[in-house]
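Trainee: Next up, run-v3.cif (mmCIF, C-alpha atoms).
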```
data_run
#
loop_
_atom_site.label_atom_id
_atom_site.label_comp_id
_atom_site.auth_asym_id
_atom_site.auth_seq_id
_atom_site.Cartn_x
_atom_site.Cartn_y
_atom_site.Cartn_z
CA MET A 39 242.80 221.67 -17.37
CA PRO A 40 239.55 220.75 -15.63
CA ALA A 41 238.59 217.13 -15.05
CA TYR A 42 235.48 216.24 -17.07
CA LYS A 43 233.11 213.32 -16.54
CA PHE A 44 230.23 212.90 -18.98
CA THR A 45 227.44 210.50 -18.01
CA TYR A 46 224.88 209.19 -20.47
CA PHE A 47 223.57 205.90 -21.78
CA ASP A 48 225.66 203.83 -24.16
CA LEU A 49 223.95 205.24 -27.25
CA ARG A 50 224.07 208.40 -29.37
CA GLY A 51 220.80 210.07 -28.39
CA LEU A 52 221.18 213.25 -26.38
CA GLY A 53 224.85 212.64 -25.62
CA GLU A 54 226.63 212.34 -28.93
CA THR A 55 227.08 216.04 -29.68
CA ALA A 56 228.78 216.57 -26.32
CA ARG A 57 231.06 213.59 -26.95
CA TRP A 58 231.93 215.01 -30.38
CA LEU A 59 232.80 218.37 -28.83
CA PHE A 60 235.32 216.67 -26.54
CA LYS A 61 236.81 214.67 -29.41
CA ILE A 62 237.06 217.58 -31.87
CA ALA A 63 238.61 219.78 -29.18
CA LYS A 64 240.99 216.92 -28.30
CA VAL A 65 240.08 217.25 -24.63
CA ASP A 66 240.25 214.18 -22.41
CA PHE A 67 237.12 213.23 -20.51
CA GLU A 68 235.68 210.27 -18.66
CA ASP A 69 232.94 208.86 -20.86
CA ASN A 70 230.66 207.21 -18.31
CA ARG A 71 228.34 205.13 -20.49
CA LEU A 72 225.41 203.64 -18.60
CA SER A 73 224.19 200.24 -19.73
CA PHE A 74 220.61 199.52 -20.68
CA LYS A 75 218.59 196.71 -22.18
CA PHE A 76 215.01 196.18 -23.15
CA GLY A 77 212.74 193.89 -21.15
CA THR A 78 210.58 193.72 -24.28
CA PRO A 79 212.53 194.54 -27.46
CA GLY A 80 211.70 198.03 -28.72
CA ASP A 81 209.43 198.88 -25.76
CA PHE A 82 211.04 201.82 -23.96
CA SER A 83 208.69 201.40 -20.99
CA THR A 84 210.51 198.13 -20.21
CA LEU A 85 214.07 199.51 -20.20
CA ILE A 86 216.36 197.99 -17.59
CA THR A 87 218.95 200.55 -16.46
CA PRO A 88 220.82 199.32 -13.36
CA GLU A 89 223.53 202.03 -13.09
CA PHE A 90 221.10 204.83 -13.91
CA THR A 91 218.60 203.56 -11.33
CA ALA A 92 221.33 203.30 -8.68
CA MET A 93 222.52 206.85 -9.42
CA LYS A 94 218.95 208.17 -9.09
CA GLU A 95 218.35 206.32 -5.84
CA ALA A 96 221.66 207.63 -4.41
CA GLY A 97 220.72 211.22 -5.29
CA GLU A 98 223.63 211.56 -7.72
CA LEU A 99 221.32 212.89 -10.44
CA ASP A 100 219.41 215.42 -8.32
CA VAL A 101 221.09 218.39 -10.03
CA SER A 102 219.98 217.08 -13.42
CA MET A 103 216.43 216.35 -12.21
CA ASN A 104 217.09 212.59 -12.27
CA LYS A 105 217.95 212.66 -15.97
CA VAL A 106 220.99 212.16 -18.12
CA PRO A 107 223.11 213.42 -19.75
CA MET A 108 225.02 215.01 -16.94
CA LEU A 109 228.43 216.67 -17.05
CA GLU A 110 230.76 217.00 -14.10
CA VAL A 111 233.49 219.65 -14.26
CA ASP A 112 235.93 219.30 -11.38
CA GLY A 113 233.06 217.71 -9.44
CA LYS A 114 230.51 220.43 -10.24
CA LYS A 115 227.45 218.99 -11.99
CA ILE A 116 225.55 220.36 -14.99
CA GLY A 117 222.37 218.84 -16.37
CA GLN A 118 220.37 219.26 -19.60
CA SER A 119 221.90 218.22 -22.92
CA LYS A 120 221.68 221.62 -24.63
CA ALA A 121 223.12 223.48 -21.63
CA ILE A 122 226.00 220.99 -21.63
CA GLU A 123 226.54 221.40 -25.37
CA ARG A 124 226.62 225.21 -25.15
CA PHE A 125 228.92 225.12 -22.12
CA LEU A 126 231.40 222.83 -23.85
CA ALA A 127 231.18 224.79 -27.10
CA ARG A 128 232.04 228.02 -25.25
CA GLU A 129 234.82 226.34 -23.28
CA PHE A 130 236.39 224.79 -26.37
CA GLY A 131 235.93 227.71 -28.80
CA PHE A 132 233.05 226.36 -30.90
CA MET A 133 230.59 229.24 -30.28
CA GLY A 134 231.87 231.65 -32.93
CA ALA A 135 234.33 234.52 -33.01
CA ASP A 136 232.03 237.06 -31.32
CA SER A 137 228.65 237.44 -29.64
CA VAL A 138 226.79 237.86 -32.95
CA GLU A 139 228.21 234.57 -34.29
CA ALA A 140 227.34 232.94 -30.95
CA ALA A 141 223.73 234.10 -31.34
CA GLN A 142 223.63 232.83 -34.94
CA ILE A 143 224.96 229.46 -33.78
CA ASP A 144 222.28 229.37 -31.06
CA GLN A 145 219.64 230.28 -33.66
CA LEU A 146 220.63 227.37 -35.89
CA CYS A 147 220.70 224.95 -32.96
CA GLU A 148 217.25 226.10 -31.81
CA THR A 149 215.95 225.58 -35.35
CA VAL A 150 216.90 221.90 -35.10
CA ILE A 151 214.99 221.68 -31.82
CA ASP A 152 211.95 223.16 -33.59
CA PHE A 153 212.24 220.53 -36.33
CA LYS A 154 212.56 217.71 -33.81
CA ASN A 155 209.53 218.95 -31.88
CA ALA A 156 207.48 219.06 -35.08
CA TYR A 157 208.63 215.51 -35.92
CA GLN A 158 207.62 214.27 -32.45
CA LYS A 159 204.09 215.58 -33.01
CA VAL A 160 203.85 213.57 -36.22
CA LYS A 161 205.45 210.52 -34.61
CA GLY A 162 202.94 210.73 -31.75
CA ILE A 163 199.86 210.35 -33.95
CA GLN A 164 197.94 207.33 -32.66
CA ASP A 165 195.89 206.31 -35.69
CA ALA A 166 198.15 204.08 -37.81
CA THR A 167 196.80 205.19 -41.20
CA GLU A 168 196.90 208.87 -40.29
CA LYS A 169 200.40 208.46 -38.82
CA GLU A 170 201.72 206.74 -41.94
CA ALA A 171 200.40 209.53 -44.16
CA ALA A 172 201.73 212.23 -41.84
CA MET A 173 205.19 210.60 -41.66
CA LYS A 174 205.32 210.34 -45.45
CA LYS A 175 204.38 214.01 -45.76
CA TRP A 176 206.91 214.99 -43.06
CA PHE A 177 209.87 213.34 -44.80
CA GLU A 178 208.86 214.06 -48.39
CA GLU A 179 207.51 217.62 -48.03
CA ASP A 180 207.77 219.27 -44.61
CA LEU A 181 211.36 218.39 -43.68
CA PRO A 182 212.86 219.35 -47.08
CA ALA A 183 210.88 222.63 -47.10
CA ASN A 184 211.99 223.45 -43.55
CA VAL A 185 215.63 222.64 -44.29
CA ALA A 186 215.48 224.87 -47.39
CA LEU A 187 214.04 227.67 -45.25
CA ALA A 188 216.76 227.14 -42.62
CA GLU A 189 219.37 227.33 -45.36
CA LYS A 190 218.07 230.79 -46.26
CA SER A 191 218.59 231.84 -42.64
CA LEU A 192 222.32 231.11 -42.75
CA PRO A 193 224.54 234.14 -42.32
CA PRO A 194 226.54 235.11 -45.41
CA GLY A 195 229.98 233.56 -45.52
CA SER A 196 232.48 231.82 -47.69
CA GLY A 197 231.83 228.40 -46.13
CA PRO A 198 232.27 225.53 -45.67
CA PHE A 199 231.01 226.13 -42.11
CA LEU A 200 227.48 227.24 -41.19
CA VAL A 201 228.72 230.22 -39.16
CA GLY A 202 232.15 231.81 -39.25
CA SER A 203 235.44 230.46 -40.42
CA LYS A 204 235.70 227.25 -38.37
CA VAL A 205 233.59 224.39 -37.10
CA SER A 206 230.97 225.38 -34.54
CA LEU A 207 228.33 223.79 -32.38
CA ALA A 208 225.83 224.53 -35.17
CA ASP A 209 227.79 222.36 -37.61
CA LEU A 210 227.75 219.42 -35.19
CA VAL A 211 224.07 219.78 -34.30
CA TRP A 212 223.03 220.01 -37.95
CA TYR A 213 225.27 217.12 -38.98
CA SER A 214 223.81 214.95 -36.24
CA PHE A 215 220.26 215.88 -37.22
CA LEU A 216 220.66 215.39 -40.97
CA ALA A 217 222.60 212.14 -40.53
CA ALA A 218 219.76 210.63 -38.49
CA PRO A 219 216.58 212.71 -38.80
CA LYS A 220 214.49 209.95 -37.21
CA GLY A 221 216.44 210.11 -33.96
CA PHE A 222 218.80 207.63 -32.37
#
```
Starting from the file, lay out its structure as structure tokens.

Mentor:
Amino acid sequence: MPAYKFTYFDLRGLGETARWLFKIAKVDFEDNRLSFKFGTPGDFSTLITPEFTAMKEAGELDVSMNKVPMLEVDGKKIGQSKAIERFLAREFGFMGADSVEAAQIDQLCETVIDFKNAYQKVKGIQDATEKEAAMKKWFEEDLPANVALAEKSLPPGSGPFLVGSKVSLADLVWYSFLAAPKGF
């Protein structure tokens, strides 16, 4: 069995799906959680991240373009959260029973990315009144309509899983998204 080390901040964010994959597969891994705190509460531009900063300065995050999460497999490094998720899902048997199911799982995961990108556009509106109206519309109209449309895209099956006859990466990604559609 390979030795796995997963590095990310001590929060859900972009790392939780990978952590869930390890736990559901019952595979041991080193969960390297980097500390952080706010200089000014709620202001991400004031984050204080001592371990992360030290890793960047030492070149330990070069392969992941100075970002986390990062996965090490027997010392080999992999960056990018979605690449890590797909790698682990393939390794642990959560990418479907065949290549068609794997593509359907990818499709459903990419749909969540589309939804999150659309949400970020709304969240990024600068005018407070316009933003408030857009957020209300997003959660009351756009998100429910998009989820209903995504539901229609599901492959036929007997359930309870989104694709195939067992839990997949798509189930975890969708659960994570619907449990916290506003993010972290």

Trainee: What does the distance from atom CA of A:Phe132 to atom CA of A:Lys61 come to in Å, to one decimal?

Mentor: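 These two atoms are separated by 12.4 Å.
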
Trainee: Check which residues satisfy the PyMOL selection byres ((chain A and resi 115-117) around 10) in the file shown, then give them as an MDAnalysis selection string.

Mentor: chainID A and resid 42:45 98:114 118:122 125

Trainee: Find the distance between atom CA of A:Val65 and atom CA of A:Tyr46 and write it in Å to one decimal.

Mentor: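 Atom-to-atom, atom CA of A:Val65 to atom CA of A:Tyr46, that is 17.7 Å.
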
Trainee: Have a look at A:Asp81, A:Asp152, A:Glu123, A:Glu89 and name the one nearest to A:Gly53; count only C-alpha atoms.

Mentor: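 Under the stated criterion, the closest residue is A:Glu123.
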
Trainee: Just the number, please: distance in Å from atom CA of A:Pro198 to atom CA of A:Glu178, one decimal.

Mentor: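 Rounded to one decimal, the two atoms are 26.2 Å apart.
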
Trainee: Need the shell around A:Leu210: protein/DNA/RNA residues with any atom at most 12 Å away, counting all atoms listed in the file. Skip same-chain ones fewer than 4 positions apart. Format as a list in words?

Mentor: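 In the requested format, the answer is Glu54, Thr55, Ala56, Arg57, Trp58, Leu59, Phe60, Lys61, Ile62, Glu123, Arg124, Ala127, Phe132, Met133, Ile143, Leu146, Cys147, Val150, Phe199, Leu200, Val201, Lys204, Val205, Ser206, Ser214, Phe215, Leu216 and Ala217 of chain A.
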
Trainee: With a distance cut-off of 12 Å and only C-alpha atoms, select the neighbouring residues of A:Asp136, excluding the residue or stretch itself and same-chain residues fewer than 5 positions from it, and output the selection as number ranges by chain.

Mentor: A: 128, 131, 141-143, 201-203

Trainee: Taking all atoms of stretch 84-102 of chain A that the file lists and extending 5 Å past them on each side, where is the centre of the axis-aligned box and how long are its edges? Answer in Å to one decimal, as lines of an AutoDock Vina configuration file.

Mentor:
```
center_x = 217.1
center_y = 208.2
center_z = -12.3
size_x = 23.1
size_y = 30.4
size_z = 25.8
```

Trainee: Would you mind telling me which residue in A:Ala218, A:Phe76, A:Ala208, A:Leu49 lies nearest to A:Gly134 when using only C-alpha atoms?

Mentor: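 Of all the options, A:Ala208 lies closest to A:Gly134.
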
Trainee: Pick out the closest residue to A:Asp48 from this set: A:Asn70, A:Gln145, A:Gln164, A:Asn184. Count all atoms listed in the file.

Mentor: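 For A:Asp48, the nearest of the given residues is A:Asn70.
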